[in-house]
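See below for data.cif, which holds mmCIF, C-alpha atoms.
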```
data_protein
loop_
_atom_site.label_atom_id
_atom_site.label_comp_id
_atom_site.auth_asym_id
_atom_site.auth_seq_id
_atom_site.Cartn_x
_atom_site.Cartn_y
_atom_site.Cartn_z
CA MET U 1 -24.84 0.92 15.67
CA CYS U 2 -25.12 4.34 14.16
CA LEU U 3 -25.84 4.37 10.44
CA ARG U 4 -24.06 7.29 8.93
CA GLN U 5 -26.17 7.39 5.81
CA GLN U 6 -29.25 8.25 7.79
CA PRO U 7 -30.45 11.70 6.79
CA SER U 8 -31.76 12.57 10.17
CA ALA U 9 -29.50 14.85 12.14
CA THR U 10 -30.51 13.27 15.37
CA THR U 11 -29.93 9.63 14.45
CA CYS U 12 -26.26 9.62 15.27
CA VAL U 13 -26.01 12.21 17.99
CA ALA U 14 -24.26 9.81 20.30
CA ALA U 15 -21.54 9.04 17.79
CA PHE U 16 -20.94 12.49 16.33
CA THR U 17 -19.60 15.56 17.96
CA PHE U 18 -22.07 17.77 16.15
CA SER U 19 -25.32 17.41 14.24
CA VAL U 20 -25.63 17.51 10.50
CA PRO U 21 -26.38 21.11 9.58
CA GLN U 22 -29.22 22.23 7.37
CA ASN U 23 -28.48 23.78 4.00
CA THR U 24 -28.53 27.28 5.43
CA ASP U 25 -25.84 26.21 7.84
CA ILE U 26 -23.65 25.01 4.99
CA ILE U 27 -24.19 28.25 3.08
CA SER U 28 -23.25 30.21 6.16
CA LEU U 29 -20.23 27.97 6.68
CA HIS U 30 -19.14 28.58 3.08
CA ASN U 31 -19.50 32.31 3.42
CA THR U 32 -17.54 32.36 6.63
CA ALA U 33 -14.80 30.08 5.32
CA HIS U 34 -14.52 32.11 2.14
CA SER U 35 -14.15 35.34 4.11
CA ASN U 36 -11.52 33.83 6.36
CA TYR U 37 -9.56 31.82 3.83
CA ALA U 38 -6.93 34.38 2.86
CA ASN U 39 -6.11 35.12 6.48
CA CYS U 40 -5.94 31.45 7.42
CA THR U 41 -3.45 30.26 4.80
CA SER U 42 -0.49 31.47 6.84
CA ILE U 43 -1.29 28.68 9.27
CA LEU U 44 -0.40 26.27 6.49
CA THR U 45 2.61 28.06 5.08
CA ASN U 46 4.15 28.82 8.48
CA SER U 47 3.60 25.34 9.85
CA PRO U 48 6.68 23.30 10.78
CA ALA U 49 5.02 20.45 8.90
CA ALA U 50 5.35 22.45 5.68
CA LYS U 51 9.11 22.09 6.02
CA LEU U 52 9.07 18.31 6.35
CA LYS U 53 10.43 16.21 3.49
CA GLY U 54 8.97 13.56 1.22
CA ASP U 55 5.60 12.12 2.12
CA MET U 56 5.66 13.85 5.51
CA ALA U 57 5.52 17.30 3.93
CA LEU U 58 2.25 19.10 4.61
CA HIS U 59 -0.02 19.48 1.58
CA PHE U 60 -1.29 23.02 0.98
CA VAL U 61 -5.09 23.34 0.97
CA ASP U 62 -6.55 25.64 -1.68
CA GLU U 63 -9.91 27.26 -1.09
CA ALA U 64 -11.98 24.89 -3.19
CA THR U 65 -10.39 21.95 -1.43
CA ALA U 66 -10.97 23.51 1.98
CA LEU U 67 -14.65 24.08 1.23
CA SER U 68 -15.02 20.51 -0.05
CA VAL U 69 -13.51 19.19 3.16
CA LEU U 70 -15.79 21.36 5.29
CA ASP U 71 -18.83 20.25 3.30
CA THR U 72 -17.93 16.60 3.61
CA SER U 73 -17.23 16.98 7.29
CA ALA U 74 -20.59 18.63 7.89
CA LEU U 75 -22.56 16.18 5.75
CA GLU U 76 -20.94 13.02 7.08
CA GLY U 77 -20.13 14.08 10.62
CA VAL U 78 -16.48 13.22 10.22
CA ASP U 79 -13.61 15.31 11.48
CA ALA U 80 -12.37 17.77 8.82
CA THR U 81 -8.72 17.25 9.66
CA LEU U 82 -9.08 13.50 9.21
CA ILE U 83 -10.73 13.96 5.82
CA ALA U 84 -8.10 16.44 4.71
CA ALA U 85 -5.20 14.33 5.92
CA MET U 86 -6.45 11.18 4.20
CA TRP U 87 -7.23 13.01 0.96
CA ALA U 88 -3.79 14.63 1.02
CA ALA U 89 -1.99 11.37 1.77
CA GLU U 90 -3.86 9.35 -0.81
CA SER U 91 -3.99 11.68 -3.80
CA SER U 92 -2.61 15.05 -2.73
CA PHE U 93 -6.09 16.57 -2.97
CA GLY U 94 -6.46 15.25 -6.50
CA LEU U 95 -9.92 15.17 -8.06
CA ASN U 96 -9.20 12.70 -10.85
CA PRO U 97 -6.23 10.58 -9.80
CA SER U 98 -5.12 7.30 -11.34
CA ASN U 99 -6.52 4.03 -10.16
CA HIS U 100 -4.13 1.82 -8.22
CA TYR U 101 -4.19 -1.94 -8.71
CA ARG U 102 -4.82 -4.06 -5.64
CA ALA U 103 -2.74 -7.15 -6.28
CA GLY U 104 -4.12 -8.78 -3.15
CA ASP U 105 -7.71 -9.00 -4.38
CA GLY U 106 -7.60 -7.91 -8.02
CA GLY U 107 -9.54 -4.69 -7.38
CA GLU U 108 -8.60 -1.06 -7.76
CA ASP U 109 -8.15 1.81 -5.34
CA ILE U 110 -10.17 4.57 -6.94
CA GLY U 111 -10.70 8.29 -6.75
CA PRO U 112 -9.54 11.13 -4.52
CA MET U 113 -9.73 8.91 -1.43
CA GLN U 114 -8.40 5.82 -3.24
CA LEU U 115 -11.30 3.67 -2.11
CA ALA U 116 -11.02 -0.03 -2.90
CA ASN U 117 -13.86 -1.05 -5.18
CA THR U 118 -13.55 -4.51 -3.65
CA VAL U 119 -14.03 -3.25 -0.11
CA TRP U 120 -16.17 -0.10 0.01
CA ASN U 121 -18.51 -0.50 -2.95
CA LYS U 122 -21.47 -1.42 -0.77
CA SER U 123 -23.98 -0.09 1.72
CA PRO U 124 -23.76 2.02 3.80
CA TYR U 125 -20.63 3.56 2.36
CA ILE U 126 -22.08 4.45 -1.03
CA ASP U 127 -25.74 4.96 -0.13
CA ASN U 128 -27.34 8.00 -1.76
CA LEU U 129 -24.04 9.39 -2.97
CA GLY U 130 -24.13 8.94 -6.73
CA ASP U 131 -21.07 7.94 -8.70
CA VAL U 132 -18.50 7.08 -6.04
CA PHE U 133 -16.25 4.97 -8.28
CA GLY U 134 -16.98 6.08 -11.85
CA THR U 135 -17.05 3.83 -14.86
CA ASN U 136 -13.33 3.79 -15.53
CA GLN U 137 -12.33 1.13 -13.02
CA SER U 138 -9.75 -0.60 -15.18
CA ARG U 139 -6.02 -0.91 -14.50
CA GLY U 140 -4.24 2.41 -14.81
CA GLY U 141 -7.48 4.23 -15.45
CA THR U 142 -8.22 7.80 -14.45
CA PHE U 143 -11.07 8.45 -12.06
CA ASN U 144 -14.17 9.72 -13.87
CA GLY U 145 -16.73 9.50 -11.10
CA ASN U 146 -17.97 12.24 -8.80
CA PRO U 147 -15.04 13.38 -6.64
CA TYR U 148 -17.36 14.69 -3.94
CA ALA U 149 -19.23 11.41 -3.76
CA ASN U 150 -15.89 9.66 -3.43
CA LEU U 151 -14.91 12.05 -0.65
CA ARG U 152 -18.12 11.39 1.25
CA ALA U 153 -17.77 7.62 0.89
CA GLY U 154 -14.20 8.00 2.05
CA ALA U 155 -15.37 9.90 5.11
CA ARG U 156 -17.72 7.05 5.94
CA ALA U 157 -14.87 4.59 5.51
CA ILE U 158 -12.66 6.66 7.80
CA ASN U 159 -15.32 6.62 10.48
CA ASP U 160 -15.64 2.86 10.17
CA ALA U 161 -12.76 2.45 12.60
CA GLY U 162 -13.09 3.26 16.25
CA GLY U 163 -10.65 4.84 18.63
CA SER U 164 -8.63 7.96 18.23
CA ARG U 165 -8.32 10.06 15.10
CA ALA U 166 -4.81 8.70 14.58
CA ASN U 167 -6.15 5.16 14.78
CA LYS U 168 -8.83 5.95 12.21
CA ALA U 169 -6.10 7.29 9.93
CA GLY U 170 -3.99 4.19 10.38
CA VAL U 171 -6.88 1.82 9.79
CA PHE U 172 -7.97 3.72 6.68
CA ARG U 173 -4.54 3.00 5.22
CA ALA U 174 -3.84 -0.47 6.57
CA GLY U 175 -7.25 -2.01 7.19
CA ALA U 176 -8.85 -3.33 10.33
CA SER U 177 -6.56 -6.37 10.47
CA TRP U 178 -3.42 -4.29 10.12
CA ALA U 179 -1.72 -5.89 13.13
CA LYS U 180 -1.80 -9.34 11.51
CA THR U 181 0.96 -8.62 9.00
CA LYS U 182 4.28 -6.83 9.07
CA GLN U 183 3.16 -4.90 6.03
CA GLY U 184 -0.01 -3.83 7.79
CA ILE U 185 1.88 -2.70 10.86
CA ALA U 186 4.26 -0.67 8.72
CA ALA U 187 1.44 0.89 6.71
CA TYR U 188 -0.53 1.71 9.85
CA ASN U 189 2.43 3.29 11.61
CA SER U 190 3.40 5.29 8.57
CA ARG U 191 -0.07 6.79 8.18
CA VAL U 192 -0.32 7.51 11.90
CA ARG U 193 3.00 9.36 11.71
CA GLN U 194 1.72 11.39 8.77
CA PHE U 195 -1.51 12.21 10.53
CA ASN U 196 0.21 13.23 13.74
CA ALA U 197 2.60 15.45 11.81
CA TRP U 198 -0.25 17.28 10.07
CA ALA U 199 -3.11 17.20 12.57
CA LYS U 200 -2.41 20.34 14.59
CA THR U 201 -1.87 22.46 11.49
CA TYR U 202 -5.05 21.26 9.82
CA ASP U 203 -6.98 21.58 13.09
CA ASP U 204 -5.87 25.20 13.43
CA PHE U 205 -6.55 25.88 9.76
CA PHE U 206 -10.11 24.55 9.75
CA ASP U 207 -10.84 26.23 13.09
CA CYS U 208 -9.66 29.47 11.53
CA LEU U 209 -11.93 28.98 8.51
CA ARG U 210 -14.95 28.38 10.73
CA ARG U 211 -14.29 31.35 13.01
CA ARG U 212 -17.06 33.93 12.90
CA MET A 1 5.96 -34.11 -1.74
CA SER A 2 9.11 -35.82 -0.71
CA MET A 3 9.55 -35.82 3.04
CA LYS A 4 13.28 -35.65 2.60
CA ARG A 5 12.81 -32.67 0.44
CA SER A 6 10.35 -30.96 2.72
CA MET A 7 12.51 -31.42 5.77
CA ARG A 8 15.68 -30.21 4.19
CA THR A 9 16.77 -27.07 5.94
CA ILE A 10 18.63 -24.19 4.55
CA SER A 11 21.24 -24.49 7.26
CA THR A 12 21.79 -28.10 6.30
CA ILE A 13 22.73 -27.18 2.83
CA GLY A 14 24.92 -24.41 4.09
CA LEU A 15 23.08 -21.61 2.46
CA SER A 16 22.56 -18.39 4.27
CA LEU A 17 19.38 -16.74 3.27
CA LEU A 18 19.74 -13.09 2.68
CA LEU A 19 16.92 -11.10 4.06
CA ALA A 20 16.10 -7.58 3.26
CA ILE A 21 13.06 -6.25 4.97
CA ALA A 22 12.82 -2.70 3.88
CA SER A 23 9.63 -1.65 5.53
CA GLY A 24 8.77 0.71 2.77
CA TYR A 25 6.81 2.96 5.04
CA GLY A 26 8.27 5.93 6.76
CA GLY A 27 11.72 6.21 8.18
CA ALA A 28 14.83 7.35 6.49
CA CYS A 29 15.64 4.00 4.99
CA SER A 30 12.30 3.14 3.52
CA ASN A 31 13.55 3.31 -0.04
CA GLU A 32 16.69 1.35 0.69
CA ILE A 33 17.17 -2.37 0.90
CA THR A 34 19.18 -3.19 3.97
CA PRO A 35 20.29 -6.79 3.78
CA LYS A 36 20.68 -9.00 6.81
CA THR A 37 22.06 -12.51 6.81
CA PHE A 38 20.52 -15.19 8.95
CA THR A 39 20.34 -18.93 9.11
CA LYS A 40 17.09 -20.79 8.91
CA THR A 41 16.42 -23.87 10.96
CA ALA A 42 12.78 -24.52 10.20
CA PRO A 43 11.66 -26.59 7.24
CA GLU A 44 10.27 -24.07 4.85
CA ALA A 45 10.21 -22.89 1.30
CA THR A 46 9.30 -26.24 -0.10
CA SER A 47 7.25 -27.12 -3.09
CA THR A 48 4.03 -28.91 -2.38
CA ALA A 49 3.96 -30.28 -5.87
CA THR A 50 5.15 -33.81 -6.46
CA PRO A 51 7.64 -33.76 -9.30
CA GLU A 52 7.67 -36.87 -11.46
CA THR A 53 11.22 -36.25 -12.50
CA THR A 54 14.04 -34.11 -11.23
CA THR A 55 13.25 -30.47 -11.80
CA SER A 56 15.60 -29.15 -14.44
CA THR A 57 14.81 -25.46 -14.44
CA VAL A 58 13.27 -23.13 -11.91
CA ARG A 59 10.42 -22.53 -14.35
CA SER A 60 9.14 -26.02 -13.65
CA VAL A 61 8.62 -25.22 -9.96
CA ASP A 62 4.97 -24.66 -9.16
CA PHE A 63 5.13 -21.48 -7.09
CA ALA A 64 1.35 -21.28 -6.96
CA ASN A 65 1.31 -24.46 -4.87
CA PHE A 66 4.27 -23.86 -2.67
CA THR A 67 5.27 -23.32 0.94
CA TYR A 68 6.89 -20.00 1.78
CA HIS A 69 8.68 -18.52 4.76
CA GLY A 70 6.09 -16.81 6.91
CA GLU A 71 8.34 -14.40 8.73
CA TYR A 72 8.35 -11.84 5.96
CA ILE A 73 4.61 -11.38 6.35
CA SER A 74 3.50 -12.60 9.75
CA PRO A 75 4.73 -10.74 12.84
CA SER A 76 4.60 -13.99 14.82
CA GLU A 77 3.17 -17.34 13.77
CA PRO A 78 2.98 -19.13 11.46
CA LYS A 79 6.56 -19.74 10.42
CA SER A 80 5.40 -20.80 7.01
CA PHE A 81 2.32 -20.83 4.84
CA THR A 82 1.33 -22.70 1.73
CA LEU A 83 -0.25 -21.27 -1.37
CA SER A 84 -2.84 -23.41 -3.07
CA GLU A 85 -3.63 -22.40 -6.63
CA GLY A 86 -1.89 -19.13 -5.95
CA LYS A 87 -3.83 -18.25 -2.81
CA ALA A 88 -3.67 -18.73 0.93
CA VAL A 89 -5.47 -17.49 3.97
CA VAL A 90 -3.16 -17.06 6.94
CA GLY A 91 -5.12 -16.16 10.03
CA GLU A 92 -7.21 -13.21 8.87
CA THR A 93 -4.92 -12.37 5.97
CA GLN A 94 -5.38 -13.42 2.38
CA ILE A 95 -2.16 -13.83 0.45
CA ARG A 96 -2.02 -14.09 -3.29
CA LEU A 97 0.65 -14.86 -5.85
CA ALA A 98 0.65 -11.60 -7.77
CA TYR A 99 3.66 -11.53 -10.10
CA LEU A 100 6.09 -14.15 -11.35
CA ASP A 101 9.18 -13.54 -13.42
CA TYR A 102 12.38 -15.37 -14.28
CA GLY A 103 15.90 -14.31 -15.09
CA ASP A 104 19.51 -14.78 -14.21
CA VAL A 105 20.00 -12.49 -11.23
CA THR A 106 23.11 -14.27 -9.92
CA GLY A 107 25.21 -14.22 -13.07
CA ASN A 108 25.73 -17.99 -13.15
CA GLY A 109 23.96 -18.45 -16.45
CA ASN A 110 20.90 -20.08 -14.90
CA GLU A 111 17.54 -18.53 -14.34
CA GLU A 112 16.19 -17.73 -10.91
CA ALA A 113 12.53 -17.11 -10.07
CA ILE A 114 11.29 -13.75 -8.85
CA VAL A 115 8.09 -14.45 -6.96
CA VAL A 116 5.97 -11.57 -5.71
CA LEU A 117 3.21 -12.18 -3.18
CA ALA A 118 0.49 -9.73 -2.17
CA PRO A 119 -0.81 -9.88 1.40
CA LEU A 120 -4.24 -8.28 1.30
CA LEU A 121 -4.90 -5.29 3.52
CA THR A 122 -8.42 -3.90 3.49
CA GLY A 123 -7.13 -0.34 3.62
CA SER A 124 -5.69 1.58 0.71
CA ALA A 125 -2.21 0.12 1.09
CA THR A 126 -1.29 -2.71 -1.28
CA PRO A 127 2.13 -3.97 -0.18
CA LEU A 128 4.10 -6.67 -1.96
CA VAL A 129 6.63 -9.23 -0.75
CA THR A 130 9.30 -10.47 -3.14
CA TYR A 131 11.09 -13.81 -2.90
CA ILE A 132 13.92 -14.92 -5.16
CA PHE A 133 14.53 -18.62 -5.63
CA ALA A 134 17.38 -20.44 -7.31
CA LEU A 135 17.37 -24.06 -8.34
CA LYS A 136 19.99 -26.15 -6.58
CA ASN A 137 20.20 -29.88 -7.25
CA GLY A 138 16.71 -29.78 -8.67
CA ASN A 139 15.18 -28.06 -5.68
CA PRO A 140 14.09 -24.45 -5.21
CA GLU A 141 16.16 -22.58 -2.66
CA PRO A 142 15.42 -19.09 -1.38
CA LEU A 143 18.20 -16.58 -1.97
CA PHE A 144 16.60 -13.35 -0.99
CA ALA A 145 13.39 -11.77 0.17
CA PHE A 146 12.21 -8.28 0.82
CA SER A 147 9.03 -6.44 1.64
CA ALA A 148 8.01 -3.31 -0.20
CA GLY A 149 5.46 -0.71 0.78
CA ASP A 150 2.94 0.70 -1.60
CA GLY A 151 3.02 3.55 -4.06
CA THR A 152 5.16 6.39 -2.80
CA SER A 153 5.76 4.46 0.41
CA GLY A 154 8.55 2.56 -1.28
CA GLY A 155 6.23 0.39 -3.33
CA LEU A 156 7.70 -2.19 -5.67
CA ARG A 157 7.64 -1.11 -9.30
CA ARG A 158 9.67 -3.97 -10.69
CA ALA A 159 12.27 -6.58 -9.80
CA TYR A 160 14.06 -8.22 -12.70
CA ALA A 161 17.28 -9.63 -14.07
CA GLU A 162 19.64 -7.67 -16.27
CA ASN A 163 23.11 -8.77 -17.31
CA GLY A 164 23.32 -11.31 -14.52
CA ARG A 165 22.31 -8.80 -11.87
CA LEU A 166 19.21 -8.09 -9.87
CA ILE A 167 17.50 -4.78 -10.54
CA VAL A 168 15.02 -3.49 -7.98
CA GLU A 169 12.85 -0.50 -8.79
CA ARG A 170 10.78 1.11 -6.05
CA PHE A 171 8.56 4.13 -6.17
CA SER A 172 9.90 7.28 -4.59
CA ARG A 173 8.16 9.53 -2.13
CA ASN A 174 9.78 12.60 -3.64
CA ASN A 175 7.58 15.02 -5.58
CA SER A 176 4.66 12.64 -5.27
CA LYS A 177 1.01 13.42 -5.85
CA GLY A 178 -0.04 11.27 -2.92
CA ASP A 179 0.39 7.56 -2.36
CA CYS A 180 -1.59 6.79 -5.49
CA CYS A 181 0.57 8.64 -7.88
CA PRO A 182 4.34 8.53 -7.61
CA THR A 183 6.12 10.71 -10.14
CA GLN A 184 9.50 9.06 -9.66
CA TYR A 185 11.04 5.71 -8.92
CA LYS A 186 14.42 4.57 -7.66
CA ARG A 187 16.47 1.94 -9.44
CA SER A 188 19.15 -0.07 -7.66
CA VAL A 189 21.45 -2.75 -9.06
CA TYR A 190 22.58 -5.73 -6.99
CA SER A 191 25.10 -8.46 -7.76
CA TRP A 192 25.26 -11.88 -6.14
CA ASP A 193 28.55 -12.73 -4.45
CA GLY A 194 27.63 -16.31 -3.68
CA ILE A 195 26.23 -15.48 -0.26
CA ARG A 196 24.35 -12.23 -0.60
CA PHE A 197 23.28 -9.53 -2.98
CA LYS A 198 25.39 -6.40 -2.80
CA GLN A 199 24.42 -3.08 -4.27
CA ARG A 200 26.53 -1.91 -7.17
CA GLY A 201 26.75 1.79 -7.86
CA ALA A 202 24.44 4.50 -6.71
CA THR A 203 20.67 4.32 -6.71
CA GLU A 204 19.23 6.21 -9.67
CA THR A 205 16.07 8.29 -9.51
CA LEU A 206 14.00 8.16 -12.68
CA PRO A 207 10.64 9.58 -13.80
CA ASN A 208 7.67 7.25 -13.43
CA PRO A 209 6.14 7.09 -16.92
CA SER A 210 2.83 5.59 -15.79
CA GLY A 211 2.12 8.20 -13.13
CA ASN A 212 0.53 5.51 -10.97
CA GLY A 213 1.82 3.16 -8.32
CA ASP A 214 1.19 -0.11 -10.12
CA ALA A 215 3.95 -2.70 -10.44
CA VAL A 216 5.05 -3.43 -13.99
CA MET A 217 5.88 -7.11 -13.79
CA PRO A 218 4.54 -10.25 -15.43
CA GLU A 219 1.31 -10.98 -13.62
CA TYR A 220 0.46 -14.42 -12.36
CA LYS A 221 -2.83 -15.21 -14.04
CA GLY A 222 -3.46 -18.72 -12.85
CA GLY A 223 -5.99 -19.75 -10.28
CA GLU A 224 -8.82 -17.48 -11.25
CA LYS A 225 -10.06 -15.29 -14.03
CA ARG A 226 -9.30 -11.58 -14.02
#
```
In structure tokens, how does this file's structure come out?
Amino acid sequence: MCLRQQPSATTCVAAFTFSVPQNTDIISLHNTAHSNYANCTSILTNSPAAKLKGDMALHFVDEATALSVLDTSALEGVDATLIAAMWAAESSFGLNPSNHYRAGDGGEDIGPMQLANTVWNKSPYIDNLGDVFGTNQSRGGTFNGNPYANLRAGARAINDAGGSRANKAGVFRAGASWAKTKQGIAAYNSRVRQFNAWAKTYDDFFDCLRRR
Amino acid sequence: MSMKRSMRTISTIGLSLLLAIASGYGGACSNEITPKTFTKTAPEATSTATPETTTSTVRSVDFANFTYHGEYISPSEPKSFTLSEGKAVVGETQIRLAYLDYGDVTGNGNEEAIVVLAPLLTGSATPLVTYIFALKNGNPEPLFAFSAGDGTSGGLRRAYAENGRLIVERFSRNNSKGDCCPTQYKRSVYSWDGIRFKQRGATETLPNPSGNGDAVMPEYKGGEKR
């Protein structure tokens, strides 16, 4: 099994669609994305998904958010659209959102990616990332950890599921045993619908940002 | 547990159980409770506790050691499951008694129990399932059950009694800051007509003062330390 925390770019070649870039690659990516950003935002604003209602409405991606997604995608080898869609669905690209109590196990969903501290607070998801969960893990608390560490751990959690991107989105929301409960089925289907509604727009947007 | 009691069916006592499964996720009706009446034939919803005397109030029912209808949680089998000290493992799913409240939701002057269970998903969703039990002839009888999503996906904020009516508050997906952080909730009032709960008046939309998606109900604290 591929270990995503491995620093070597070649360790996970079979599992990833591209290798982890070196720092110069990330700098170049940032420069390119920054140059393209203004011209790419129309993809978001003109998208049919931007006109959807309620939780199906597309979340706009500001430049800092876009660069964070691209960084996380490059560092963790996880699809940028998946990262963006999960971050948008969970906390609307928030950096310091409220914790959410997990009545099922007494834990909390924490941070931008709303990672359960009872599920993901272990290797390999948090390896070498720093403060993924912060110290404020109490009920109703506000995230005070490192948002980018939380994003990266979230990307690893997303990639924990196999199958299609939509399946990874559904499992991130509903868990691997989602089909065992009606609530899991509903949560899975809801997140898959969200992902499918947003995927093409975010795909086009991140492709635009990367275009040289 | 009395065998007579455990085998007593809802159909035998002539009570139609009102079911409202509002999926809470997606769809136009996810923030609405759509009731459906059906008749149970299986022996379910029975206390596993052995009462020494006739139960006089619903507060004396031990809902932490209790058998519940399984159909609100399980897509197939089992038809029922039993909590032991507030917890159960059904197949691969842990289920926990999360919140427990009492109040007169039927307007008959007697308290009913509002029992909220949490099936554990290992994703970010934390759905809740609410059962309402009345006490009839010393035995708990299910009146109503519904499933709620999580956070802005129609998550349960609170279910409680007020002036003999049932109030259900669920988080709204409108103007949300993601599933974690609903900014509004919807409040609906239901009255009991002897057979089912019927909504009274329009659903109100109110600001969510906490800014998070946590339920605000009396928490069940038995079974383990928190």
* Residues of chain A near chain U: apply a cut-off of 6 Å, count all atoms listed in the file, and supply the list as a ChimeraX atom specification. => /A:25-26,73-75,96,98,118-126,173-174,177-180,212,214
When the PyMOL selection byres ((chain A and resi 171) around 10) is applied to the structure above, which residues does it catch, written out as an mmCIF file with C-alpha atoms, in the coordinates of the input?
```cif
data_model
loop_
_atom_site.group_PDB
_atom_site.id
_atom_site.type_symbol
_atom_site.label_atom_id
_atom_site.label_comp_id
_atom_site.auth_asym_id
_atom_site.auth_seq_id
_atom_site.Cartn_x
_atom_site.Cartn_y
_atom_site.Cartn_z
ATOM 1 C CA GLY A 24 8.770 0.710 2.770
ATOM 2 C CA ASN A 31 13.550 3.310 -0.040
ATOM 3 C CA ALA A 148 8.010 -3.310 -0.200
ATOM 4 C CA GLY A 149 5.460 -0.710 0.780
ATOM 5 C CA ASP A 150 2.940 0.700 -1.600
ATOM 6 C CA GLY A 151 3.020 3.550 -4.060
ATOM 7 C CA THR A 152 5.160 6.390 -2.800
ATOM 8 C CA SER A 153 5.760 4.460 0.410
ATOM 9 C CA GLY A 154 8.550 2.560 -1.280
ATOM 10 C CA GLY A 155 6.230 0.390 -3.330
ATOM 11 C CA LEU A 156 7.700 -2.190 -5.670
ATOM 12 C CA ARG A 157 7.640 -1.110 -9.300
ATOM 13 C CA ARG A 158 9.670 -3.970 -10.690
ATOM 14 C CA GLU A 169 12.850 -0.500 -8.790
ATOM 15 C CA ARG A 170 10.780 1.110 -6.050
ATOM 16 C CA SER A 172 9.900 7.280 -4.590
ATOM 17 C CA ARG A 173 8.160 9.530 -2.130
ATOM 18 C CA ASN A 174 9.780 12.600 -3.640
ATOM 19 C CA SER A 176 4.660 12.640 -5.270
ATOM 20 C CA ASP A 179 0.390 7.560 -2.360
ATOM 21 C CA CYS A 181 0.570 8.640 -7.880
ATOM 22 C CA PRO A 182 4.340 8.530 -7.610
ATOM 23 C CA THR A 183 6.120 10.710 -10.140
ATOM 24 C CA GLN A 184 9.500 9.060 -9.660
ATOM 25 C CA TYR A 185 11.040 5.710 -8.920
ATOM 26 C CA LYS A 186 14.420 4.570 -7.660
ATOM 27 C CA ARG A 187 16.470 1.940 -9.440
ATOM 28 C CA THR A 205 16.070 8.290 -9.510
ATOM 29 C CA LEU A 206 14.000 8.160 -12.680
ATOM 30 C CA PRO A 207 10.640 9.580 -13.800
ATOM 31 C CA ASN A 208 7.670 7.250 -13.430
ATOM 32 C CA ASN A 212 0.530 5.510 -10.970
ATOM 33 C CA GLY A 213 1.820 3.160 -8.320
ATOM 34 C CA ASP A 214 1.190 -0.110 -10.120
ATOM 35 C CA ALA A 215 3.950 -2.700 -10.440
#
```
* Measure the distance from CA of Asp127 (chain U) to CA of Asn150 (chain U) in Å and round it to one decimal. =>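 So the two atoms, CA of Asp127 (chain U) and CA of Asn150 (chain U), lie 11.4 Å apart.
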* In terms of the shortest atom-to-atom distance over all atoms listed in the file, which of A:Tyr160, A:Phe146, A:Tyr68, A:Phe81 is closest to Ala113 (chain A)? ->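 Ranked by minimum distance to Ala113 (chain A), first place goes to A:Tyr160.
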With 8 Å on each side, where is the centre of the axis-aligned box around all listed atoms of region 198-208 of chain A, and how long are its edges in Å to one decimal, as AutoDock Vina command-line options?
```
--center_x 17.2 --center_y 1.6 --center_z -8.3 --size_x 35.1 --size_y 32.0 --size_z 27.0
```
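The coordinates place CA of Val61 (chain A) at 13.0 Å from CA of Leu83 (chain A).
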* To do: Report the distance between CA of Thr41 (chain U) and CA of Arg156 (chain U) in Å, rounded to one decimal place.
  =>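 Separation of CA of Thr41 (chain U) and CA of Arg156 (chain U): 27.3 Å.
Distances to Tyr220 (chain A) were evaluated for A:Gly91, A:Gly194, A:Gly86, A:Gly164 using only C-alpha atoms, and the minimum falls at A:Gly86.
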* List the residues matched by the PyMOL selection byres ((chain A and resi 142) around 8) in the displayed structure as a ChimeraX atom specification, ordered by chain and then by residue number. => /A:17,45,131-134,140-141,143-145
Any chance you can output those residues with C-alpha atoms as a short mmCIF file (atom, residue, chain, number, x, y, z; two decimals), in the frame of the given file?
```cif
data_model
loop_
_atom_site.label_atom_id
_atom_site.label_comp_id
_atom_site.auth_asym_id
_atom_site.auth_seq_id
_atom_site.Cartn_x
_atom_site.Cartn_y
_atom_site.Cartn_z
CA LEU A 17 19.38 -16.74 3.27
CA ALA A 45 10.21 -22.89 1.30
CA TYR A 131 11.09 -13.81 -2.90
CA ILE A 132 13.92 -14.92 -5.16
CA PHE A 133 14.53 -18.62 -5.63
CA ALA A 134 17.38 -20.44 -7.31
CA PRO A 140 14.09 -24.45 -5.21
CA GLU A 141 16.16 -22.58 -2.66
CA LEU A 143 18.20 -16.58 -1.97
CA PHE A 144 16.60 -13.35 -0.99
CA ALA A 145 13.39 -11.77 0.17
#
```
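Distance check against Ala149 (chain U) using all atoms listed in the file: of U:Val61, U:Leu95, U:Ala49, U:Cys40, the minimum falls on U:Leu95.
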* **Test item: the PyMOL selection byres ((chain A and resi 192) around 9) resolved as an MDAnalysis selection string** => chainID A and resid 105:107 164:166 190:191 193:198
* Asked: Could you tell me, as number ranges by chain, which residues have any atom at most 10 Å from (0.6, -12.9, -18.1), counting all atoms listed in the file?
  -> A: 99-101, 217-222
